[in-house]
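Below is one structure; the comments refer to it alone.
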Amino acid sequence: MKQQIIPTVKDIKNLKGKRVVLRLDFNVPIKNGKIVETMRIDRAMPTVEYLVKKKARVIILSHIGKDASSSLMPVVQYLNKNMKVGFVPNFRTESAHAVVDGLAEGGVVVFENLRIDTREEENDPAFAKFLASFGDVYVNDAFAVSHRAHASVVGITKYLPSYIGFLVADEIKHLSLALKPKHPFLFILGGAKFETKMPLMKKFMKIADYVFAGGVLANDFFHDGGIEIGKSFVDKYNFKLTPLLKKGKVILPTDVVVKNEGDKKSSVKHLNEILPEDNIVDVGPETIKNLTLILKKTKLVVWNGPLGYYEEGFDKGTTALLRSITESRATSIIGGGDTAVIVEKLGIEKKLSFVSTGGGATLDYLADGKLPGIEAIMKCKKR
C-alpha cells in the first residue's frame, strides 16, 4: 500500500464551517474515574487542532471499553484542560443534531461511547447512515480500531467523502518500514495468543534476520520441544512449533525468572533447572544480554508484546530490553497495546523511532499490509 494514494485530512478543500465527523480512538484505561494512560488521546490531537484551526465544526466519535457500560466523560474532562469541548451523552436523540447545528466554526463536540448502540459493532448500514447525517465529510484517525469492520470505521465511508488523519498516516508510514526493512532486522514477539500471532511469526520468518519469541510464546516453544516449564501458562494451539526452530532464525530465552505460589521472592533459572512446580513469569538477564549484543548490529527492530507478566510487576526483562533499544542505533518500531503502556510508564517514547497506538490493528497491518478501515477510505467514491 502506498501512502501517497490515501487521501488525508489535508486534501479536504474549504474546511471552514464544514461538519467533520472524526473517528478517534479514545479507548484508554480508566481507574476510579481517572485516565491512566493518555498516549492515544495525545497522539490524536494534531488532527483535532488542525481542524479547529481551519474553522471546521468537529464531531468526535469513539468507543471506550468493551460494551456500553463505560463513559467518555473522563476523556472529555481531560480534553477540556486544553480546549473547550462539548459532550453529547445520548447522540440518538434529536437534541444531538441541534448541538451539532449550533456548533460554532472551530467548535468541537464529543459523542458518548458508540457502543451504547449495538449496531456499531454490527456495521449496520442504517446506523452508519445515521452517523453520517451529522457531517459533511468523514475523517478516520483511529488506527487502533481500523482492523474492525464497524459502522463508524467502514460503513460510514459509503455515505460521506472520506479521508485519514495525521495519526493514521503516521502509523502507515512507520509500520510500512517493517514490510521492506533494512538489514540486519530483529523482530521481537512477546505476549500470548499464539493463534493470532502465528501469521506474523510465519511472515517475519521470511523477512527478518532474527525472530525472538518471549512471554507465553516462548513457553509454547519450550512445551512443544519437550522442555520442562512446570506450571507455566501455555496457549492452546493446533500447530507444531519445533520445525520453525530448524530454520535457524528463532531465538528463545536462555534463562527465565520463576515465581511460585507461596514464594516471597522470584529467582532466575536456566532452562535445564526448571522444576515441575515452577512458574515462568519473565525472561532472565542473560537473555537480555544476548539480545543486546544482537541489537548492536541491527538496523531495524520491530517489537510487539511484553516479555513477562508486567501487570503483576514482572517487567524487568521488557524494561531492560526497551532501554537497550533506546541506546542502540537501530530504527525502532514498537507495537501498541501492553508494550506501549510500558513505554509511556518509562517516559522513553521520544527515544524510540516510533510507538504504535494500535494493538490488534498493528498486528494485522504488519501481517497483511492493509486494514478494513483504511481500505474503505481508499475505495470511497464520494470525493
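Letters for chains follow the order of the C-alpha cells (A, B, ...), residue numbers begin at 1 for each chain, and ligand numbers begin at 1 in the order shown.
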
Item to complete: May I have the residues within 6 Å of segment 204-210 of chain A as JSON, numbers by chain, using only C-alpha atoms and disregarding those fewer than 5 positions away in the same chain?
Response: {"A": [184, 185, 186, 249]}

Worksheet item: Which neighbours of Thr47 of chain A fall inside 12 Å, counting only C-alpha atoms, when residues of the same chain fewer than 2 positions from it are skipped, and could you give them as a PyMOL selection string?
Response: chain A and resi 8-10+20+22-24+41-45+49-54+56+58+60+139-142+163-170

Discussion item. For the structure I just gave you, how does DSSP split segment 34-128 of chain A - specifically, which residues are strand (DSSP E)? Reply as a list in words.
Written reply: Lys34, Ile35, Arg57, Val58, Ile59, Ile60, Leu61, Gly86, Phe87, Val88, Val108, Val109, Val110 and Phe111 of chain A

Serialized selection, N, CA and C atoms, as a PDB file, in the first residue's frame:
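Result file is out-v1.pdb:
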ATOM      1  N   LYS A  34     -10.351   8.234  36.647  1.00  0.00           N
ATOM      2  CA  LYS A  34      -9.209   8.968  36.115  1.00  0.00           C
ATOM      3  C   LYS A  34      -8.502   8.167  35.023  1.00  0.00           C
ATOM      4  N   ILE A  35      -8.037   8.871  34.008  1.00  0.00           N
ATOM      5  CA  ILE A  35      -7.337   8.230  32.894  1.00  0.00           C
ATOM      6  C   ILE A  35      -5.939   7.816  33.335  1.00  0.00           C
ATOM      7  N   ARG A  57     -16.224  22.398  11.963  1.00  0.00           N
ATOM      8  CA  ARG A  57     -17.034  22.032  13.131  1.00  0.00           C
ATOM      9  C   ARG A  57     -16.843  20.537  13.330  1.00  0.00           C
ATOM     10  N   VAL A  58     -16.272  20.155  14.466  1.00  0.00           N
ATOM     11  CA  VAL A  58     -15.762  18.793  14.654  1.00  0.00           C
ATOM     12  C   VAL A  58     -16.662  17.961  15.561  1.00  0.00           C
ATOM     13  N   ILE A  59     -17.091  16.810  15.046  1.00  0.00           N
ATOM     14  CA  ILE A  59     -17.907  15.863  15.807  1.00  0.00           C
ATOM     15  C   ILE A  59     -17.065  14.619  16.027  1.00  0.00           C
ATOM     16  N   ILE A  60     -16.627  14.387  17.264  1.00  0.00           N
ATOM     17  CA  ILE A  60     -15.735  13.265  17.556  1.00  0.00           C
ATOM     18  C   ILE A  60     -16.528  12.033  17.964  1.00  0.00           C
ATOM     19  N   LEU A  61     -16.240  10.919  17.290  1.00  0.00           N
ATOM     20  CA  LEU A  61     -16.831   9.619  17.609  1.00  0.00           C
ATOM     21  C   LEU A  61     -15.751   8.702  18.163  1.00  0.00           C
ATOM     22  N   GLY A  86     -17.462  20.201  23.853  1.00  0.00           N
ATOM     23  CA  GLY A  86     -18.808  19.851  24.290  1.00  0.00           C
ATOM     24  C   GLY A  86     -18.982  18.349  24.402  1.00  0.00           C
ATOM     25  N   PHE A  87     -20.098  17.923  24.968  1.00  0.00           N
ATOM     26  CA  PHE A  87     -20.352  16.498  25.170  1.00  0.00           C
ATOM     27  C   PHE A  87     -21.828  16.195  24.953  1.00  0.00           C
ATOM     28  N   VAL A  88     -22.104  15.151  24.169  1.00  0.00           N
ATOM     29  CA  VAL A  88     -23.467  14.699  23.928  1.00  0.00           C
ATOM     30  C   VAL A  88     -23.623  13.323  24.554  1.00  0.00           C
ATOM     31  N   VAL A 108     -15.879  21.975  18.885  1.00  0.00           N
ATOM     32  CA  VAL A 108     -15.678  20.528  18.992  1.00  0.00           C
ATOM     33  C   VAL A 108     -16.697  19.939  19.960  1.00  0.00           C
ATOM     34  N   VAL A 109     -17.291  18.816  19.586  1.00  0.00           N
ATOM     35  CA  VAL A 109     -18.192  18.103  20.473  1.00  0.00           C
ATOM     36  C   VAL A 109     -17.856  16.613  20.419  1.00  0.00           C
ATOM     37  N   VAL A 110     -17.939  15.959  21.558  1.00  0.00           N
ATOM     38  CA  VAL A 110     -17.676  14.518  21.649  1.00  0.00           C
ATOM     39  C   VAL A 110     -18.982  13.794  21.921  1.00  0.00           C
ATOM     40  N   PHE A 111     -19.288  12.787  21.114  1.00  0.00           N
ATOM     41  CA  PHE A 111     -20.452  11.933  21.361  1.00  0.00           C
ATOM     42  C   PHE A 111     -20.073  10.844  22.357  1.00  0.00           C
TER      43      PHE A 111
END

Practice prompt. Give me the residues within 10 Å of Val154 of chain A as a ChimeraX atom specification, counting only C-alpha atoms and dropping any in the same chain fewer than 2 places off.
Written response: /A:123,125,128,140,146-152,156-158,372-377,380

Mind writing the picked residues with C-alpha atoms as a short mmCIF file (atom, residue, chain, number, x, y, z; two decimals), in the first residue's frame?
data_model
loop_
_atom_site.label_atom_id
_atom_site.label_comp_id
_atom_site.auth_asym_id
_atom_site.auth_seq_id
_atom_site.Cartn_x
_atom_site.Cartn_y
_atom_site.Cartn_z
CA ASN A 123 -21.66 -2.44 10.92
CA PRO A 125 -25.93 0.32 7.28
CA ALA A 128 -23.68 4.13 9.59
CA ASN A 140 -10.66 8.27 10.26
CA SER A 146 -9.13 0.26 11.77
CA HIS A 147 -8.91 -3.53 11.72
CA ARG A 148 -12.58 -3.70 12.71
CA ALA A 149 -15.38 -3.53 10.14
CA HIS A 150 -17.65 -1.39 12.34
CA ALA A 151 -20.21 1.21 11.31
CA SER A 152 -18.09 4.19 12.39
CA ILE A 156 -19.82 5.43 7.23
CA THR A 157 -17.44 5.77 4.27
CA LYS A 158 -20.29 4.80 1.92
CA PRO A 372 -10.51 -2.72 6.53
CA GLY A 373 -10.79 0.86 7.79
CA ILE A 374 -8.00 2.09 5.51
CA GLU A 375 -9.25 0.09 2.52
CA ALA A 376 -12.70 1.65 2.98
CA ILE A 377 -11.18 5.15 2.76
CA CYS A 380 -14.67 5.82 -1.14
#

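Across the model, the gap from atom CA of Glu312 of chain A to atom CA of Asp67 of chain A is 25.4 Å.
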
Worksheet item: What residues in segment 202-237 of chain A get the DSSP label helix (DSSP H, G or I)? Please answer as a list of chain:residue names.
Response: A:Lys202, A:Lys203, A:Phe204, A:Met205, A:Lys206, A:Ile207, A:Gly215, A:Val216, A:Leu217, A:Ala218, A:Asn219, A:Asp220, A:Phe221, A:Phe222, A:His223, A:Asp224

Discussion item. What's around segment 346-361 of chain A at 7 Å? Count only C-alpha atoms, leave out sequence neighbours fewer than 2 positions away in its own chain, and write the answer as a PyMOL selection string.
Written reply: chain A and resi 40+143-147+171+174+326+331-337+340+342-344+363-365

Worksheet item: Counting only C-alpha atoms, which of A:Leu15, A:Val301, A:Ile288, A:Ile274 gets nearest to Thr319 of chain A?
Response: A:Ile288

Item to complete: Quick one: pull the distance between atom CA of Gly225 of chain A and atom CA of Lys247 of chain A, Å, one decimal.
Response: 14.7 Å

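Here atom CA of Arg115 of chain A stands at a distance of 16.7 Å from atom CA of Ile30 of chain A.
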